[in-house]
file protein_28.pdb (PDB, C-alpha atoms and all ligand atoms)
ATOM      1  CA  MET A  64    -117.201  50.186 -14.117
ATOM      2  CA  ASN A  65    -115.389  51.966 -16.947
ATOM      3  CA  SER A  66    -113.463  49.140 -18.652
ATOM      4  CA  PRO A  67    -114.365  49.140 -22.358
ATOM      5  CA  ILE A  68    -111.146  47.423 -23.481
ATOM      6  CA  ILE A  69    -111.335  44.432 -21.197
ATOM      7  CA  ASP A  70    -115.113  44.208 -21.675
ATOM      8  CA  ALA A  71    -114.446  43.889 -25.401
ATOM      9  CA  LEU A  72    -111.633  41.369 -24.853
ATOM     10  CA  GLU A  73    -113.849  39.239 -22.654
ATOM     11  CA  LYS A  74    -116.519  39.234 -25.335
ATOM     12  CA  LYS A  75    -114.020  38.146 -27.980
ATOM     13  CA  GLU A  76    -112.506  35.325 -26.004
ATOM     14  CA  LYS A  77    -114.088  32.350 -24.481
ATOM     15  CA  GLU A  78    -112.667  31.934 -20.973
ATOM     16  CA  ARG A  79    -109.744  29.539 -21.416
ATOM     17  CA  ALA A  80    -106.341  28.796 -19.961
ATOM     18  CA  VAL A  81    -104.418  31.523 -21.718
ATOM     19  CA  HIS A  82    -100.873  30.366 -21.135
ATOM     20  CA  ALA A  83     -98.754  28.210 -18.901
ATOM     21  CA  HIS A  84     -98.043  30.814 -16.240
ATOM     22  CA  GLY A  85    -101.555  31.947 -15.423
ATOM     23  CA  SER A  86    -103.225  35.120 -16.489
ATOM     24  CA  PHE A  87    -104.983  38.087 -14.926
ATOM     25  CA  PRO A  88    -108.686  37.295 -14.560
ATOM     26  CA  TYR A  89    -110.879  39.683 -16.543
ATOM     27  CA  GLU A  90    -112.434  41.091 -13.346
ATOM     28  CA  ILE A  91    -109.048  42.252 -12.031
ATOM     29  CA  LEU A  92    -107.993  43.721 -15.369
ATOM     30  CA  LYS A  93    -111.303  45.577 -15.623
ATOM     31  CA  GLN A  94    -110.674  47.195 -12.269
ATOM     32  CA  LEU A  95    -107.097  48.018 -13.273
ATOM     33  CA  GLU A  96    -108.357  49.589 -16.475
ATOM     34  CA  ALA A  97    -110.806  51.682 -14.448
ATOM     35  CA  VAL A  98    -108.040  52.885 -12.080
ATOM     36  CA  LEU A  99    -105.432  53.710 -14.747
ATOM     37  CA  PRO A 100    -105.547  56.808 -16.998
ATOM     38  CA  ASP A 101    -107.090  56.010 -20.384
ATOM     39  CA  SER A 102    -104.154  57.559 -22.207
ATOM     40  CA  MET A 103    -100.491  57.239 -21.270
ATOM     41  CA  GLU A 104     -97.208  57.887 -23.066
ATOM     42  CA  ASN A 105     -94.916  55.076 -21.844
ATOM     43  CA  THR A 106     -95.643  51.910 -19.911
ATOM     44  CA  ALA A 107     -93.763  48.695 -19.172
ATOM     45  CA  GLU A 108     -94.384  45.275 -17.746
ATOM     46  CA  THR A 109     -92.442  42.195 -16.850
ATOM     47  CA  GLY A 110     -94.130  39.079 -18.183
ATOM     48  CA  CYS A 111     -96.785  38.975 -20.866
ATOM     49  CA  GLY A 112    -100.431  38.022 -21.262
ATOM     50  CA  ARG A 113    -103.779  39.785 -21.091
ATOM     51  CA  SER A 114    -102.099  42.804 -19.515
ATOM     52  CA  THR A 115    -100.059  43.107 -22.729
ATOM     53  CA  ILE A 116    -103.339  43.553 -24.564
ATOM     54  CA  LEU A 117    -104.600  46.208 -22.161
ATOM     55  CA  PHE A 118    -101.461  48.366 -22.076
ATOM     56  CA  PRO A 119    -100.994  49.287 -25.745
ATOM     57  CA  ASN A 120    -104.677  50.180 -25.851
ATOM     58  CA  ILE A 121    -104.079  52.879 -23.232
ATOM     59  CA  SER A 122    -100.410  53.693 -23.858
ATOM     60  CA  LYS A 123     -98.561  54.919 -26.955
ATOM     61  CA  ASN A 124     -95.372  52.959 -26.192
ATOM     62  CA  HIS A 125     -95.439  49.746 -24.246
ATOM     63  CA  PHE A 126     -92.307  47.787 -23.306
ATOM     64  CA  ALA A 127     -92.665  44.095 -22.476
ATOM     65  CA  PHE A 128     -89.779  42.350 -20.714
ATOM     66  CA  CYS A 129     -90.450  38.640 -20.820
ATOM     67  CA  ILE A 130     -89.057  35.304 -21.808
ATOM     68  CA  ASP A 131     -89.679  34.254 -25.372
ATOM     69  CA  ASP A 132     -92.084  31.384 -24.768
ATOM     70  CA  HIS A 133     -93.147  30.763 -28.399
ATOM     71  CA  ASP A 134     -92.097  27.113 -27.852
ATOM     72  CA  TYR A 135     -94.960  26.668 -25.372
ATOM     73  CA  LYS A 136     -97.259  26.797 -28.439
ATOM     74  CA  ASP A 137    -100.886  27.061 -27.254
ATOM     75  CA  GLN A 138     -99.642  27.804 -23.723
ATOM     76  CA  SER A 139     -97.400  30.648 -24.887
ATOM     77  CA  SER A 140     -98.131  34.084 -23.435
ATOM     78  CA  VAL A 141     -96.348  35.812 -26.330
ATOM     79  CA  LEU A 142     -98.257  33.848 -28.984
ATOM     80  CA  TYR A 143    -101.462  34.615 -27.104
ATOM     81  CA  PHE A 144    -100.727  38.318 -27.521
ATOM     82  CA  GLU A 145     -99.650  37.940 -31.142
ATOM     83  CA  ASP A 146    -102.808  35.990 -32.009
ATOM     84  CA  SER A 147    -105.157  38.452 -30.368
ATOM     85  CA  GLU A 148    -107.008  40.870 -32.596
ATOM     86  CA  MET A 149    -106.960  43.369 -29.761
ATOM     87  CA  GLY A 150    -103.211  43.547 -29.129
ATOM     88  CA  ILE A 151    -101.890  46.660 -30.870
ATOM     89  CA  LYS A 152     -98.641  45.163 -32.125
ATOM     90  CA  ASP A 153     -96.895  48.295 -33.349
ATOM     91  CA  ARG A 154     -97.112  49.921 -29.937
ATOM     92  CA  VAL A 155     -95.211  47.116 -28.186
ATOM     93  CA  THR A 156     -91.434  46.838 -27.930
ATOM     94  CA  TRP A 157     -90.197  43.436 -26.788
ATOM     95  CA  GLU A 158     -87.173  42.816 -24.642
ATOM     96  CA  PHE A 159     -86.988  39.036 -24.735
ATOM     97  CA  GLY A 160     -85.061  37.019 -22.159
ATOM     98  CA  PRO A 161     -85.147  36.422 -18.420
ATOM     99  CA  THR A 162     -85.440  39.814 -16.695
ATOM    100  CA  GLN A 163     -82.598  38.651 -14.453
ATOM    101  CA  LYS A 164     -80.443  39.098 -17.595
ATOM    102  CA  THR A 165     -82.209  41.793 -19.600
ATOM    103  CA  LEU A 166     -82.997  44.424 -16.965
ATOM    104  CA  PRO A 167     -79.498  44.953 -15.551
ATOM    105  CA  ARG A 168     -78.120  45.735 -19.019
ATOM    106  CA  TYR A 169     -81.141  47.652 -20.344
ATOM    107  CA  THR A 170     -80.971  51.422 -20.893
ATOM    108  CA  HIS A 171     -84.364  53.038 -20.325
ATOM    109  CA  ASN A 172     -84.900  55.933 -22.711
ATOM    110  CA  CYS A 173     -88.077  57.281 -21.152
ATOM    111  CA  GLN A 174     -89.862  57.801 -17.873
ATOM    112  CA  TYR A 175     -92.801  55.462 -17.400
ATOM    113  CA  ASP A 176     -96.399  56.345 -16.558
ATOM    114  CA  CYS A 177     -96.985  52.819 -15.331
ATOM    115  CA  VAL A 178     -94.941  49.679 -14.640
ATOM    116  CA  LEU A 179     -96.428  46.259 -13.917
ATOM    117  CA  ILE A 180     -94.273  43.722 -12.101
ATOM    118  CA  ASP A 181     -95.593  40.273 -13.074
ATOM    119  CA  GLY A 182     -92.697  38.269 -14.527
ATOM    120  CA  PRO A 183     -90.743  35.722 -12.431
ATOM    121  CA  HIS A 184     -92.288  35.495  -8.955
ATOM    122  CA  GLY A 185     -89.595  33.793  -6.838
ATOM    123  CA  TYR A 186     -87.586  35.829  -4.342
ATOM    124  CA  PRO A 187     -85.638  38.066  -5.072
ATOM    125  CA  PHE A 188     -86.720  38.556  -8.702
ATOM    126  CA  PRO A 189     -89.667  40.967  -8.284
ATOM    127  CA  ASP A 190     -87.480  43.009  -5.882
ATOM    128  CA  MET A 191     -84.722  43.002  -8.486
ATOM    129  CA  GLU A 192     -87.186  44.214 -11.140
ATOM    130  CA  TYR A 193     -88.373  46.973  -8.829
ATOM    131  CA  TYR A 194     -84.771  48.077  -8.350
ATOM    132  CA  PHE A 195     -84.216  48.458 -12.083
ATOM    133  CA  PHE A 196     -87.518  50.236 -12.723
ATOM    134  CA  TYR A 197     -88.111  52.587  -9.801
ATOM    135  CA  PRO A 198     -85.805  55.432 -10.948
ATOM    136  CA  HIS A 199     -87.697  55.469 -14.253
ATOM    137  CA  ILE A 200     -91.254  55.866 -12.975
ATOM    138  CA  LYS A 201     -92.372  59.479 -13.161
ATOM    139  CA  PRO A 202     -94.071  61.353 -10.310
ATOM    140  CA  GLY A 203     -97.769  60.507 -10.595
ATOM    141  CA  GLY A 204     -96.847  57.258 -12.398
ATOM    142  CA  TYR A 205     -98.198  53.903 -11.257
ATOM    143  CA  LEU A 206     -96.489  50.795  -9.974
ATOM    144  CA  ILE A 207     -98.583  47.628 -10.103
ATOM    145  CA  ILE A 208     -97.398  44.627  -8.142
ATOM    146  CA  ASP A 209     -99.219  41.413  -8.879
ATOM    147  CA  ASP A 210     -99.537  38.412  -6.582
ATOM    148  CA  ILE A 211     -99.020  40.044  -3.208
ATOM    149  CA  HIS A 212    -100.399  36.834  -1.631
ATOM    150  CA  ILE A 213     -96.952  35.326  -2.332
ATOM    151  CA  PRO A 214     -95.260  36.168   0.976
ATOM    152  CA  SER A 215     -92.002  37.570  -0.440
ATOM    153  CA  ILE A 216     -93.914  39.758  -2.926
ATOM    154  CA  GLY A 217     -96.300  40.897  -0.172
ATOM    155  CA  ARG A 218     -93.284  41.855   1.904
ATOM    156  CA  MET A 219     -91.933  44.078  -0.887
ATOM    157  CA  ALA A 220     -95.352  45.712  -1.271
ATOM    158  CA  ASP A 221     -95.545  46.218   2.531
ATOM    159  CA  ILE A 222     -92.250  48.109   2.445
ATOM    160  CA  LEU A 223     -93.228  50.224  -0.572
ATOM    161  CA  GLN A 224     -96.702  51.199   0.607
ATOM    162  CA  GLU A 225     -95.037  52.960   3.562
ATOM    163  CA  ASP A 226     -92.215  54.473   1.519
ATOM    164  CA  ALA A 227     -92.335  58.242   0.975
ATOM    165  CA  MET A 228     -91.851  57.593  -2.762
ATOM    166  CA  TRP A 229     -95.225  55.805  -3.007
ATOM    167  CA  ASN A 230     -98.879  56.252  -2.142
ATOM    168  CA  PHE A 231    -100.971  53.154  -1.811
ATOM    169  CA  ILE A 232    -103.915  53.513  -4.201
ATOM    170  CA  THR A 233    -105.818  50.257  -4.106
ATOM    171  CA  LEU A 234    -105.679  46.513  -3.723
ATOM    172  CA  ILE A 235    -107.611  44.597  -6.371
ATOM    173  CA  SER A 236    -107.846  41.037  -5.121
ATOM    174  CA  THR A 237    -104.109  40.211  -4.904
ATOM    175  CA  THR A 238    -102.874  43.060  -7.135
ATOM    176  CA  ALA A 239    -101.554  46.187  -5.414
ATOM    177  CA  VAL A 240    -101.532  49.584  -7.128
ATOM    178  CA  LEU A 241     -99.190  52.326  -5.892
ATOM    179  CA  GLN A 242     -98.558  55.812  -7.242
ATOM    180  CA  ARG A 243     -95.237  57.645  -7.306
ATOM    181  CA  THR A 244     -95.128  60.753  -5.143
ATOM    182  CA  GLU A 245     -92.839  63.734  -5.664
ATOM    183  CA  ALA A 246     -90.502  62.488  -2.897
ATOM    184  CA  GLU A 247     -86.818  62.254  -3.705
ATOM    185  CA  GLU A 248     -85.845  58.791  -4.889
ATOM    186  CA  THR A 249     -83.750  56.423  -2.851
ATOM    187  CA  PRO A 250     -80.300  56.729  -4.476
ATOM    188  CA  THR A 251     -79.744  53.638  -6.583
ATOM    189  CA  PHE A 252     -76.104  53.374  -5.486
ATOM    190  CA  GLY A 253     -76.697  54.559  -1.924
ATOM    191  CA  ASP A 254     -78.008  52.947   1.238
ATOM    192  CA  GLN A 255     -80.395  55.116   3.306
ATOM    193  CA  TRP A 256     -82.265  52.291   5.068
ATOM    194  CA  TRP A 257     -82.520  54.539   8.102
ATOM    195  CA  THR A 258     -84.450  57.185   6.159
ATOM    196  CA  GLN A 259     -87.078  54.718   4.921
ATOM    197  CA  ASP A 260     -90.313  54.980   6.868
ATOM    198  CA  TYR A 261     -90.966  51.224   6.915
ATOM    199  CA  ASN A 262     -87.682  50.772   8.773
ATOM    200  CA  ARG A 263     -87.974  53.899  10.925
ATOM    201  CA  ARG A 264     -91.364  52.769  12.258
ATOM    202  CA  ARG A 265     -90.016  49.349  13.219
ATOM    203  CA  VAL A 266     -86.557  49.967  14.672
ATOM    204  CA  ASN A 267     -85.886  49.995  18.382
ATOM    205  CA  PRO A 268     -87.777  53.058  19.714
ATOM    206  CA  GLN A 269     -84.559  54.131  21.422
ATOM    207  CA  MET A 270     -82.921  54.907  18.097
ATOM    208  CA  GLU A 271     -82.820  58.579  17.200
ATOM    209  CA  PHE A 272     -84.491  58.063  13.829
ATOM    210  CA  PHE A 273     -87.387  55.984  15.233
ATOM    211  CA  LEU A 274     -90.607  57.327  13.692
ATOM    212  CA  ASP A 275     -93.538  57.121  16.063
ATOM    213  CA  ASP A 276     -96.179  58.628  13.757
ATOM    214  CA  GLY A 277     -98.811  55.901  14.054
ATOM    215  CA  GLN A 278     -98.709  55.378  10.272
ATOM    216  CA  LYS A 279     -97.797  51.682  10.102
ATOM    217  CA  LEU A 280    -100.072  50.248   7.425
ATOM    218  CA  GLU A 281    -101.771  46.871   7.589
ATOM    219  CA  SER A 282     -99.617  44.231   5.928
ATOM    220  CA  PHE A 283    -100.751  42.746   2.632
ATOM    221  CA  ALA A 284    -100.686  39.282   4.250
ATOM    222  CA  SER A 285    -103.282  40.434   6.753
ATOM    223  CA  ARG A 286    -105.438  42.148   4.102
ATOM    224  CA  ASN A 287    -105.251  38.999   2.020
ATOM    225  CA  ALA A 288    -106.275  36.828   4.969
ATOM    226  CA  ARG A 289    -109.316  39.100   5.509
ATOM    227  CA  ARG A 290    -110.200  38.872   1.812
ATOM    228  CA  GLU A 291    -109.954  35.071   1.862
ATOM    229  CA  LYS A 292    -112.105  34.960   4.999
ATOM    230  CA  ARG A 293    -114.719  37.147   3.271
ATOM    231  CA  GLU A 294    -114.656  35.033   0.119
ATOM    232  CA  ASN A 295    -114.956  31.728   1.990
ATOM    233  CA  ALA A 296    -117.640  32.968   4.382
ATOM    234  CA  PRO A 297    -121.151  31.481   4.404
ATOM    235  CA  LYS A 298    -123.698  33.373   2.289
ATOM    236  CA  HIS A 299    -125.364  35.243   5.174
ATOM    237  CA  MET A 300    -121.965  36.554   6.312
ATOM    238  CA  LYS A 301    -121.143  37.706   2.762
ATOM    239  CA  ILE A 302    -124.344  39.784   2.808
ATOM    240  CA  PHE A 303    -123.335  41.187   6.205
ATOM    241  CA  TYR A 304    -119.846  42.152   4.867
ATOM    242  CA  LYS A 305    -121.429  43.855   1.838
ATOM    243  CA  ILE A 306    -123.764  45.922   4.025
ATOM    244  CA  ARG A 307    -120.917  46.795   6.384
ATOM    245  CA  ASN A 308    -118.807  47.975   3.396
ATOM    246  CA  LEU A 309    -121.639  50.217   2.221
ATOM    247  CA  PHE A 310    -121.434  52.055   5.534
ATOM    248  CA  GLY A 311    -117.635  52.256   5.434
TER     249      GLY A 311
HETATM  250  C1  LIG B   1     -98.096  35.405 -14.407
HETATM  251  S1  LIG B   1     -97.599  35.528 -16.054
HETATM  252  C2  LIG B   1     -98.017  37.166 -16.481
HETATM  253  C3  LIG B   1     -99.475  37.309 -16.674
HETATM  254  C4  LIG B   1     -99.847  38.550 -17.457
HETATM  255  N1  LIG B   1     -99.529  39.756 -16.720
HETATM  256  C5  LIG B   1    -101.297  38.528 -17.843
HETATM  257  O1  LIG B   1    -101.995  39.531 -17.676
HETATM  258  O2  LIG B   1    -101.743  37.507 -18.353
HETATM  259  C6  LIG B   1     -95.864  35.537 -15.933
HETATM  260  C7  LIG B   1     -95.133  35.911 -17.191
HETATM  261  O3  LIG B   1     -93.767  36.065 -16.871
HETATM  262  C8  LIG B   1     -92.973  35.388 -17.824
HETATM  263  N2  LIG B   1     -91.719  35.010 -17.132
HETATM  264  C9  LIG B   1     -91.502  33.978 -16.282
HETATM  265  N3  LIG B   1     -90.230  33.998 -15.848
HETATM  266  C10 LIG B   1     -89.641  35.074 -16.417
HETATM  267  C11 LIG B   1     -88.339  35.637 -16.349
HETATM  268  N4  LIG B   1     -87.378  35.095 -15.606
HETATM  269  N5  LIG B   1     -88.108  36.770 -17.053
HETATM  270  C12 LIG B   1     -89.060  37.324 -17.816
HETATM  271  N6  LIG B   1     -90.323  36.848 -17.916
HETATM  272  C13 LIG B   1     -90.605  35.724 -17.223
HETATM  273  C14 LIG B   1     -93.823  34.229 -18.291
HETATM  274  O4  LIG B   1     -93.417  33.744 -19.540
HETATM  275  C15 LIG B   1     -95.196  34.899 -18.313
HETATM  276  O5  LIG B   1     -95.355  35.599 -19.533
END
call {"tool": "encode", "arguments": {"input": "protein_28.pdb", "output": "structure tokens"}}
result
Amino acid sequence: MNSPIIDALEKKEKERAVHAHGSFPYEILKQLEAVLPDSMENTAETGCGRSTILFPNISKNHFAFCIDDHDYKDQSSVLYFEDSEMGIKDRVTWEFGPTQKTLPRYTHNCQYDCVLIDGPHGYPFPDMEYYFFYPHIKPGGYLIIDDIHIPSIGRMADILQEDAMWNFITLISTTAVLQRTEAEETPTFGDQWWTQDYNRRRVNPQMEFFLDDGQKLESFASRNARREKRENAPKHMKIFYKIRNLFG
């Protein structure tokens, strides 16, 4: 796998609890690094941690929207970044404070190549963050949604993976990666629920905008249940799953 940055980070750090809110495991970040372009102009994330080390290594301008948790001392995600030799400090712009406060008043001065949603996880905060970011993600840009095993976050990802604005790229453990299409954006001050494919495929078939195109995607809850089943399976079944995957 092509993940030189996270390989180097892993070598530098002994595996340890990075901060109070939990961090991306190296294996997931390595796969993310392999999926993302190795050079981007503008990226953003909500929250902070190991991902904040990866981004400025592959992006000229990285914007981190997170609470200032310096007080957490050795559990602080911001201090973790600041203390790391690998975090490129002058490429990161901080917007400190709860995203519930900072995002609604923030003026984005660029279009992003990639946005990671990984700040507050309770409903409706990731949805709220999506709302404030989606008009600013460029066609071809990536949206990464972490923790889709949390039902309300999985539900948002279910809706987006069927939205014309997004293509589902991959699921890395419980992290979903989507890519912005060229489709027109949902107007931020509009409504348009009836034009959204997730809704059209699930309304009463009698409705004129019902979309019977057979394109309903498997929910993230179901994919996650399959993954957990695979991971908890006895050894001989794990070998069987591996062989089955090899043959598609
Ligand atoms: C799960 S961690 C992010 C992990 C990180 N992506 C990594 O790779 O290690 C969640 C982060 O969100 C921050 N956070 C929690 N609530 C927040 C809020 N309301 N607004 C902004 N950031 C928040 C935490 O301080 C923490 O940095």
call {"tool": "residues_near_ligand", "arguments": {"input": "protein_28.pdb", "ligand": "ligand LIG 1 (chain B)", "cutoff": "6 Å", "atoms": "all atoms listed in the file", "output": "NGL selection string"}}
result
:A and (84-87 or 109-114 or 128-130 or 132 or 140 or 160-162 or 181-183)
call {"tool": "residues_around", "arguments": {"input": "protein_28.pdb", "residues": "segment 147-154 of chain A", "least_positions_apart": "5", "cutoff": "7 Å", "atoms": "only C-alpha atoms", "output": "ChimeraX atom specification"}}
result
/A:116,119-120,123-125
call {"tool": "closest_atom_pairs", "arguments": {"input": "protein_28.pdb", "of": "segment 158-236 of chain A", "to": "segment 250-263 of chain A", "cutoff": "10 Å", "atoms": "only C-alpha atoms", "output": "Markdown table"}}
result
| residue | atom | partner | partner_atom | distance |
| --- | --- | --- | --- | --- |
| A:Tyr194 | CA | A:Thr251 | CA | 7.7 |
| A:Phe195 | CA | A:Thr251 | CA | 8.8 |
| A:Tyr197 | CA | A:Thr251 | CA | 9.0 |
| A:Pro198 | CA | A:Thr251 | CA | 7.7 |
| A:Asp221 | CA | A:Tyr261 | CA | 8.1 |
| A:Ile222 | CA | A:Tyr261 | CA | 5.6 |
| A:Leu223 | CA | A:Tyr261 | CA | 7.9 |
| A:Gln224 | CA | A:Tyr261 | CA | 8.5 |
| A:Glu225 | CA | A:Tyr261 | CA | 5.6 |
| A:Asp226 | CA | A:Asp260 | CA | 5.7 |
| A:Ala227 | CA | A:Asp260 | CA | 7.0 |
| A:Met228 | CA | A:Gln259 | CA | 9.5 |
call {"tool": "residues_around", "arguments": {"input": "protein_28.pdb", "residues": "Ala127 of chain A", "least_positions_apart": "5", "cutoff": "8 Å", "atoms": "only C-alpha atoms", "output": "JSON, numbers by chain"}}
result
{"A": [107, 108, 109, 110, 111, 115, 155, 156, 157, 158, 159]}
call {"tool": "resolve_selection", "arguments": {"input": "protein_28.pdb", "expression": "the PyMOL selection byres (((chain A and resi 202) around 7) and not hetatm)", "output": "ChimeraX atom specification"}}
result
/A:200-201,203-204,243-245
call {"tool": "write_last_selection", "arguments": {"input": "protein_28.pdb", "atoms": "C-alpha atoms", "output": "PDB file, keeping the file's coordinate frame"}}
result
ATOM      1  CA  ILE A 200     -91.254  55.866 -12.975  1.00  0.00           C
ATOM      2  CA  LYS A 201     -92.372  59.479 -13.161  1.00  0.00           C
ATOM      3  CA  GLY A 203     -97.769  60.507 -10.595  1.00  0.00           C
ATOM      4  CA  GLY A 204     -96.847  57.258 -12.398  1.00  0.00           C
ATOM      5  CA  ARG A 243     -95.237  57.645  -7.306  1.00  0.00           C
ATOM      6  CA  THR A 244     -95.128  60.753  -5.143  1.00  0.00           C
ATOM      7  CA  GLU A 245     -92.839  63.734  -5.664  1.00  0.00           C
TER       8      GLU A 245
END
call {"tool": "closest_residue", "arguments": {"input": "protein_28.pdb", "among": "A:Ser285, A:Gln242, A:Ser215, A:Thr249", "to": "Val98 of chain A", "atoms": "all atoms listed in the file"}}
result
A:Gln242
call {"tool": "resolve_selection", "arguments": {"input": "protein_28.pdb", "expression": "the PyMOL selection byres (((chain A and resi 286) around 12) and not hetatm)", "output": "ChimeraX atom specification"}}
result
/A:211-212,217,220-221,233-239,280-285,287-293
call {"tool": "atom_distance", "arguments": {"input": "protein_28.pdb", "atom1": "atom CA of Glu73 of chain A", "atom2": "atom CA of Leu241 of chain A"}}
result
25.8 Å
call {"tool": "resolve_selection", "arguments": {"input": "protein_28.pdb", "expression": "the PyMOL selection byres (((chain A and resi 175) around 7) and not hetatm)", "output": "CSV table (one decimal) with C-alpha atoms, keeping the file's coordinate frame"}}
result
chain,number,residue,atom,x,y,z
A,105,ASN,CA,-94.9,55.1,-21.8
A,106,THR,CA,-95.6,51.9,-19.9
A,173,CYS,CA,-88.1,57.3,-21.2
A,174,GLN,CA,-89.9,57.8,-17.9
A,176,ASP,CA,-96.4,56.3,-16.6
A,177,CYS,CA,-97.0,52.8,-15.3
A,178,VAL,CA,-94.9,49.7,-14.6
A,199,HIS,CA,-87.7,55.5,-14.3
A,200,ILE,CA,-91.3,55.9,-13.0
A,201,LYS,CA,-92.4,59.5,-13.2
A,204,GLY,CA,-96.8,57.3,-12.4
call {"tool": "atom_distance", "arguments": {"input": "protein_28.pdb", "atom1": "atom CA of Pro189 of chain A", "atom2": "atom CA of Ile213 of chain A"}}
result
11.0 Å
call {"tool": "atom_distance", "arguments": {"input": "protein_28.pdb", "atom1": "atom CA of Pro187 of chain A", "atom2": "atom CA of Pro214 of chain A"}}
result
11.5 Å
